[in-house]
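Here the structure comes first, spelled out in structure tokens, and everything after it is commentary.
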There are 2 protein chains.
Amino acid sequence: MTASYGPVVPTDHALAALRPLPAGAAHLTPDGLLGEWQDRNATATLRHCAEALEEHGNLANLRRVTGDHDGPFTGMWFADTDVHKTLEAALWELGRSPGRAPAFVTETAALLEKAQDPDGYLDSFYQAGHRERQWTELHYSHEMYTAGHLIQAAVAAARSAAGDAAAQQIVGVARRFADLLVQRYGTGGIDAVCGHPEIETALVELYRVTGHRPYLALATRFVGLRGHGLLGDDRFGPRYFQDHMPVQDADEVTGHVVRQVYLLAGAVDVAVENGDQDLLRAAERLWESALSSKTYLTGGQGSRHRDEAFGDPYELPPDRAYAETCAAIGSFQWAWRLLLATGRARYADEMERLLYNGIAASTATGGTAFFYSNPLQLRTGHDGSGEDAPSQRLSWYSCACCPPNLARLMASLHTYAATGSPTGLQVHLYAAGTFTAGGQTVRVETAYPWNETVSLTVTDAAEGPWTLALRVPAWCADARLSVNGSLVRAGAQEGYLRLTRTWRPGDRVELVLAMPPRLITAHPRVDAVRGTVALARGPVVYCLEHADLPATLAGEVFEDLELDPSVPVTAVRDEAGIAPVTLHASIRARAGAAGALYRSAADVGTAGTVAATVPAIPYFLWANRAAGPMRVWIPRTPPGN
Amino acid sequence: MTASYGPVVPTDHALAALRPLPAGAAHLTPDGLLGEWQDRNATATLRHCAEALEEHGNLANLRRVTGDHDGPFTGMWFADTDVHKTLEAALWELGRSPGRAPAFVTETAALLEKAQDPDGYLDSFYQAGHRERQWTELHYSHEMYTAGHLIQAAVAAARSAAGDAAAQQIVGVARRFADLLVQRYGTGGIDAVCGHPEIETALVELYRVTGHRPYLALATRFVGLRGHGLLGDDRFGPRYFQDHMPVQDADEVTGHVVRQVYLLAGAVDVAVENGDQDLLRAAERLWESALSSKTYLTGGQGSRHRDEAFGDPYELPPDRAYAETCAAIGSFQWAWRLLLATGRARYADEMERLLYNGIAASTATGGTAFFYSNPLQLRTGHDGSGEDAPSQRLSWYSCACCPPNLARLMASLHTYAATGSPTGLQVHLYAAGTFTAGGQTVRVETAYPWNETVSLTVTDAAEGPWTLALRVPAWCADARLSVNGSLVRAGAQEGYLRLTRTWRPGDRVELVLAMPPRLITAHPRVDAVRGTVALARGPVVYCLEHADLPATLAGEVFEDLELDPSVPVTAVRDEAGIAPVTLHASIRARAGAAGALYRSAADVGTAGTVAATVPAIPYFLWANRAAGPMRVWIPRTPPGN
């Protein structure tokens with residue numbers, strides 16, 4: 001089998017239950033939702049990011065270093081990373097649509113090479129104006145985080161456009177920086193870690209691209225050195241950057257979410273390449289800890305704005321959900337690594353949940369406006385004037401980490417849908433497209449997640465038995481499978497339905513994943529949503545948005561609305577609507593909501609008399625109309641009312 | 001009548017429905033709770049603060065300016081204010097126990113005078129090391145906030161120890177700084193305001209002390225100039241420091257809570273001295289806005305840690321309640337000013353609520369450890385390692401604004417209990433002590449808030465009719481009044497029972513305020529506490545703390561506990577217990593709390609079988625034993641379980 005392709009490519013020696021598909025073996029078509037998002041990314045988001053880098057000075061910062069720009073440094077001190085992430089996105093895109101590298105890639109590659117110090121250092125904040133602080137404030141500096149994103153761009157360059165001169169230039173720049181890190185911080189060097197993880201996973205991937213073991217050794221060193229207090233105490237304490245306890249010993253995720261999930265993605269990479277089962281188990285244990293008490297229904301993570309942190313267990317306020325877009329992306333990448341290492345469907349389930357909710361919600365339908373934080377509730381009277389919790393998506397942020405992070409994820413999205421081997425294909429994410437493994441190609445046709453049916457047609461078949469494995473999501477209680485029209489009675493094994501046979505071109509598999517609307521409640525320890533329900537269908541979480549209220553309810557205060565769970569929720573199709581499927585629920589406005597903020601518990605009030613059927617829309621589509629209140633968790637009318 | 005005394009003394013011309021008592025006319029005795037707190041403040045807190053100022057470098061910062069200390073500036077850039085507030089506390093204490101000024105006062109007075117610039121400027125951060133930034137960053141600098149606290153110390157000096165040389169020295173220093181402000185920012189000077197309000201109320205009080213009108217004019221100018229964008233945008237936007245809209249136009253409290261309530265206290269001062277009814281009405285309207293949707297059951301305000309801000313309406317999470325101690329103090333001071341201006345009992349009700357809950361909770365029983373933020377819930381597994389949300393009170397903070405603020409409030413607490421005139425006394429806070437107005441003295445005996453009965457004995461009587469007005473708190477549905485053993489059938493007027501008669505020494509009034517345990521629920525729009533109840537008795541809010549669980553429940557997860565509201569809550573007396581009165585409720589542990597974080601809403605679980613009677617303790621006494629989970633809002637067992 002040809003070498004795997006994508007952002008994560010474990011070596012042949014790695015612990016790996018599953019392998020990414022080779023280059024060119026996965027395609028998403030724009031008639032499916034994932035393919036549509038990928039195309040939108042290519043045509044709208046990526047260009048938007050490249051323009052923003054010019055407009056907001058990220059590229060000018062680098063030109064200051066080369067002497068081609070005269071002006072102050074602008075933006076965050078780690079503004080270079082937005083350049084690197086956009087570059088990575090453009091390079092995955094180049095892999096998807098091979099051809100000449102676009103001007104953004106060639107010009108940026110040349111700029112980076114010109115800006116790089118002779119010893120390999122490259123960080124425009126420290127190079128011009130803060131040289132005396134270089135390497136002196138690793139808890140804060142993001143210098144290795146910056147190097148990590150540069151390296152990830154180089155990994156995309158090497159895998160997507162190895163023959164391209166600009167790609168080679170980027171690889172060269174990244175390797176020189178990586179070599180400098182090895183020299184300073186490698187075995188026998190300084191014991192240190194970066195305040196913001198990212199370098200770990202990047203170095204492992206650079207090792208995978210180059211075969212140069214010192215990169216792996218340095219990543220291993222960084223994972224091992226963390227948790228020993230090397231970063232000091234700083235403003236938010238050592239838990240903030242997971243420096244309070246070694247990864248192997250930790251039993252709960254803590255601190256800044258993006259740092260935690262990036263670190264754990266890197267820990268999995270290090271574990272599988274070193275055959276370190278203990279470290280892999282620690283990463284699985286921490287994932288379990290996150291999912292059991294510190295993750296939103298949307299897959300989002302991070303309950304606190306103050307330090308962008310996981311909160312305490314079960315502290316999951318919907319209104320102040322931080323649920324940073326980058327955290328969702330990092331969680332997706334972490335889950336992917338665990339999926340490859342273990343083959344356990346729960347990781348793919350989580351990727352799916354993130355994709356259709358926590359991640360998808362961040363981008364406006366047009367692809368050029370974004371949420372940084374992704375709350376599950378917006379109240380009437382919300383002050384959305386700040387960047388911290390805006391009422392609508394913004395085109396850019398003063399800390400613009402999320403948009404280019406989305407761009408690089410979306411540009412490589414096709415590589416996450418399926419894995420394969422010479423003897424079979426494993427489909428994890430359902431989307432219209434084609435996937436090839438072991439010489440056999442399957443065309444997937446589906447309007448998932450709106451439709452329940454996924455049709456897979458073998459278009460090229462190879463000799464001998466070959467296994468098609470199809471994930472049955474945990475949310476699905478009723479999966480039906482047929483081959484060439486005949487129902488197959490096969491139970492899912494560890495989350496996958498497996499069909500092994502000798503296939504012929506034209507063989508057709510149909511998987512029907514029943515998607516009745518679901519009413520969901522949270523664990524009773526989640527105080528913030530007690531007495532409420534959420535709506536979902538398939539992998540999609542729904543929400544109530546003010547714009548959808550009928551005239552009879554539009555004059556009520558949004559926070560007085562309650563859902564009557566005794567009336568069945570129905571899925572309604574409208575291809576011309578804001579979403580192909582909305583969920584219609586019986587909503588009434590609570591009566592007697594006037595009155596004191598605190599009152600006798602005997603004063604239970606009365607249920608509202610005005611009831612109406614209201615469509616709930618997919619959460620990821622909220623805030624694409626006029627700004628207004630929204631909620632995922634809807635108070636339920638008490639029994640008997 | 002002799003001149004009023006205390007931190008707030010409106011002039012004779014001011015709009016004022018009520019007048020503070022004169023110096024020496026109010027005493028709290030330590031057999032009552034308020035007097036006990038005031039004594040604890042004098043013997044423990046005040047000394048602790050003075051020592052901390054030495055230990056943490058606040059005094060050393062000033063000695064750097066005078067050349068008597070050689071070392072770096074330490075602490076927050078507004079660290080001088082902790083000196084000023086402690087000085088103010090010591091001066092109120094000097095008023096309470098007249099005599100020679102203690103060494104802390106004389107030495108600090110001399111230090112301040114020596115450190116002051118010839119033109120009156122005094123701010124040790126800017127004077128030594130940051131001189132070039134002086135007056136250049138008012139949005140951030142706290143320079144006038146610092147001046148304000150210096151002035152308030154001077155006001156205490158002038159009112160409590162006018163004949164003392166050190167007191168006169170402090171007044172001189174403060175006036176020179178105030179005169180400098182008038183010169184720079186007064187009529188015809190620079191249009192500017194300070195990012196952190198405080199100077200407004202201080203200048204009005206200095207005007208009241210000195211009769212020097214330019215101080216009032218400058219305060220009026222500062223209130224009027226706010227809300228016009230003079231402070232710029234900064235990190236959290238103009239709402240953060242209430243610079244987005246003039247006070248007169250605002251219809252909701254916003255931004256940083258301490259800034260908002262200090263500003264509005266100053267606005268009331270300016271309004272009453274200028275006879276500005278519009279401004280007074282605006283302050284009342286904003287108070288109403290705060291109390292109707294942005295105040296915790298404890299009186300605490302501030303729902304967000306990130307920017308120490310009021311949140312959106314009804315955003316009142318108990319776990320992430322910020323409810324800063326200084327905000328509660330500021331709210332108390334704001335309410336006092338509104339009470340004096342209007343005579344409306346609701347402001348006294350709020351002062352009482354704050355005192356026994358939001359404020360009292362901040363101080364450990366020993367008086368030397370403090371909370372900065374005052375959450376209404378602490379979860380199992382809470383990370384209390386940081387200063388931001390510690391599990392226990394800390395002896396000091398890197399930003400130590402709260403402890404000395406408590407010290408100055410407690411040292412002047414007796415001045416807030418009652419108001420008076422030649423023809424009567426109005427009692428607002430019930431506490432053992434003596435109060436004199438119009439030549440008539442009343443001795444109050446009570447174990448309030450533990451006991452329902454307040455006994456008032458006339459010890460000195462004057463000629464002619466004289467009115468005793470006694471507040472009936474809004475929480476009290478049954479107030480009984482008797483004079484010399486005879487029940488008086490008098491309804492409360494605007495929150496006060498009024499007895500007008502010619503009194504004789506020995507006349508005895510007894511007020512019985514019925515205090516049945518109360519089960520409280522929040523407005524249904526407060527999502528964060530849906531499905532829960534809180535317990536209160538009289539003005540005291542209660543909480544469930546882990547230390548009080550009986551053996552049958554101690555092994556359960558605290559978050560699984562529910563209160564059965566069908567079992568009556570009883571008040572139990574135990575003078576030897578943690579509190580003289582605890583509230584006993586029926587608590588059971590929810591069964592089946594294991595399971596997924598999100599599950600089908602049909603999976604309602606079952607009520608627990610293990611039920612026990614558990615004492616709830618006064619909220620203000622929590623965290624005085626081993627660290628453990630606590631909650632004010634307790635999930636209620638659903639009806640039918």
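We name chains A, B, ... following the order of the structure tokens; residues begin at 1 in each chain, and ligands are numbered from 1 as shown.
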
Would you mind listing, as a compact mmCIF listing (two decimals) with N, CA and C atoms, in the first residue's frame, all residues of chain B that have at least one atom within 8 Å of chain A, where only C-alpha atoms are what counts?
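The result, written out as selection.txt:
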```txt
# COMPACT_ATOMS: atom_id res chain seq x y z
N PHE B 236 -11.35 45.85 27.60
CA PHE B 236 -12.69 45.32 27.81
C PHE B 236 -13.80 46.21 27.26
N GLY B 237 -13.41 47.24 26.52
CA GLY B 237 -14.42 48.12 25.94
C GLY B 237 -14.91 49.17 26.92
N LEU B 291 -30.89 45.39 41.11
CA LEU B 291 -31.55 44.48 42.06
C LEU B 291 -32.55 43.55 41.38
N SER B 292 -33.07 43.95 40.23
CA SER B 292 -34.10 43.13 39.60
C SER B 292 -33.53 42.01 38.75
N SER B 293 -32.27 42.10 38.35
CA SER B 293 -31.77 41.01 37.48
C SER B 293 -30.27 40.77 37.56
N LEU B 297 -28.47 36.32 45.59
CA LEU B 297 -29.31 36.20 46.79
C LEU B 297 -28.59 36.76 48.02
N HIS B 305 -15.79 36.47 36.20
CA HIS B 305 -14.42 36.60 36.68
C HIS B 305 -13.57 37.37 35.69
N ARG B 306 -13.81 37.16 34.41
CA ARG B 306 -12.92 37.70 33.39
C ARG B 306 -12.69 39.20 33.55
N ASP B 307 -13.78 39.95 33.63
CA ASP B 307 -13.64 41.40 33.73
C ASP B 307 -14.32 41.93 34.99
N ASP B 312 -24.94 39.63 31.85
CA ASP B 312 -26.21 39.96 31.24
C ASP B 312 -27.31 39.83 32.30
N PRO B 313 -28.49 40.39 32.03
CA PRO B 313 -29.59 40.22 32.98
C PRO B 313 -29.86 38.73 33.24
N GLU B 315 -28.03 36.53 34.41
CA GLU B 315 -26.84 35.67 34.35
C GLU B 315 -26.23 35.65 35.75
N PRO B 317 -24.66 32.77 37.79
CA PRO B 317 -24.18 31.44 38.14
C PRO B 317 -23.67 31.40 39.58
N ASP B 319 -21.77 29.07 41.00
CA ASP B 319 -20.40 28.56 41.10
C ASP B 319 -19.37 29.58 40.66
N ARG B 379 -17.76 23.21 44.15
CA ARG B 379 -18.00 21.81 43.75
C ARG B 379 -16.96 20.85 44.30
N THR B 380 -17.35 19.61 44.39
CA THR B 380 -16.41 18.52 44.60
C THR B 380 -15.39 18.57 43.46
N GLY B 381 -14.14 18.48 43.81
CA GLY B 381 -13.11 18.49 42.77
C GLY B 381 -12.73 19.88 42.32
N HIS B 382 -13.23 20.91 43.03
CA HIS B 382 -12.86 22.28 42.66
C HIS B 382 -11.35 22.49 42.79
N ASP B 383 -10.80 23.13 41.78
CA ASP B 383 -9.39 23.50 41.85
C ASP B 383 -9.31 24.84 42.58
N SER B 385 -6.65 26.17 43.94
CA SER B 385 -5.23 26.49 44.16
C SER B 385 -4.89 27.93 43.81
N GLY B 386 -5.77 28.62 43.10
CA GLY B 386 -5.43 29.98 42.68
C GLY B 386 -6.09 31.03 43.57
N ARG B 518 -37.27 30.11 55.57
CA ARG B 518 -37.87 30.38 54.26
C ARG B 518 -37.21 29.52 53.18
N LEU B 519 -38.04 28.97 52.33
CA LEU B 519 -37.54 28.30 51.12
C LEU B 519 -37.70 29.28 49.98
N ILE B 520 -36.61 29.55 49.33
CA ILE B 520 -36.60 30.60 48.30
C ILE B 520 -36.30 29.99 46.95
N THR B 521 -36.94 30.54 45.94
CA THR B 521 -36.60 30.14 44.58
C THR B 521 -36.30 31.40 43.78
N ALA B 522 -35.58 31.23 42.71
CA ALA B 522 -35.20 32.40 41.90
C ALA B 522 -36.16 32.56 40.74
N HIS B 523 -36.18 33.76 40.23
CA HIS B 523 -36.94 34.04 39.00
C HIS B 523 -36.60 32.98 37.95
N PRO B 524 -37.61 32.48 37.26
CA PRO B 524 -37.34 31.39 36.30
C PRO B 524 -36.33 31.75 35.22
N ARG B 525 -36.07 33.03 35.04
CA ARG B 525 -35.07 33.38 34.01
C ARG B 525 -33.64 33.18 34.51
N ASP B 527 -31.35 30.93 34.81
CA ASP B 527 -31.13 29.55 34.35
C ASP B 527 -30.25 28.75 35.30
N ALA B 528 -29.28 29.42 35.88
CA ALA B 528 -28.24 28.69 36.60
C ALA B 528 -28.74 28.00 37.86
N VAL B 529 -29.90 28.39 38.38
CA VAL B 529 -30.39 27.77 39.61
C VAL B 529 -31.79 27.19 39.44
N ARG B 530 -32.15 26.90 38.20
CA ARG B 530 -33.45 26.29 37.94
C ARG B 530 -33.55 24.96 38.72
N GLY B 531 -34.71 24.72 39.28
CA GLY B 531 -34.92 23.44 39.97
C GLY B 531 -34.24 23.33 41.32
N VAL B 533 -33.68 25.21 45.42
CA VAL B 533 -34.19 26.13 46.43
C VAL B 533 -33.04 26.58 47.31
N GLU B 559 -22.72 16.70 45.00
CA GLU B 559 -23.57 17.23 43.94
C GLU B 559 -24.80 16.36 43.67
N ASP B 560 -24.86 15.18 44.30
CA ASP B 560 -26.03 14.33 44.13
C ASP B 560 -27.09 14.58 45.20
N ALA B 593 -26.93 8.33 39.76
CA ALA B 593 -26.24 9.49 39.20
C ALA B 593 -25.09 9.07 38.28
N GLY B 595 -23.53 7.31 34.99
CA GLY B 595 -24.06 7.36 33.64
C GLY B 595 -23.46 8.48 32.83
N ALA B 596 -23.91 8.51 31.60
CA ALA B 596 -23.29 9.41 30.63
C ALA B 596 -23.57 10.87 30.97
N LEU B 597 -22.70 11.72 30.49
CA LEU B 597 -22.86 13.16 30.69
C LEU B 597 -24.15 13.65 30.03
N TYR B 598 -24.47 13.07 28.87
CA TYR B 598 -25.71 13.42 28.17
C TYR B 598 -26.47 12.14 27.89
N ARG B 599 -27.77 12.18 28.14
CA ARG B 599 -28.56 10.97 27.99
C ARG B 599 -29.98 11.34 27.57
N SER B 600 -30.77 10.33 27.28
CA SER B 600 -32.14 10.57 26.85
C SER B 600 -32.91 11.26 27.97
N ALA B 601 -33.72 12.23 27.57
CA ALA B 601 -34.52 12.95 28.56
C ALA B 601 -35.53 12.03 29.22
N ALA B 602 -35.79 10.89 28.62
CA ALA B 602 -36.72 9.93 29.23
C ALA B 602 -36.08 9.28 30.45
```

key: Long-range neighbours of Asp574 (chain B) as number ranges by chain, 12 Å cut-off, only C-alpha atoms, 6 positions minimum in chain   = B: 450, 580-583, 615, 617

Among the residues B:Ala341, B:Leu33, B:Leu218, B:Ala400, the one that comes closest to Leu429 (chain B) [using only C-alpha atoms] = B:Leu33

request  = For CA of Tyr356 (chain B) and CA of Ala554 (chain B), quote the distance in Å rounded to one decimal.
outcome  = 28.2 Å
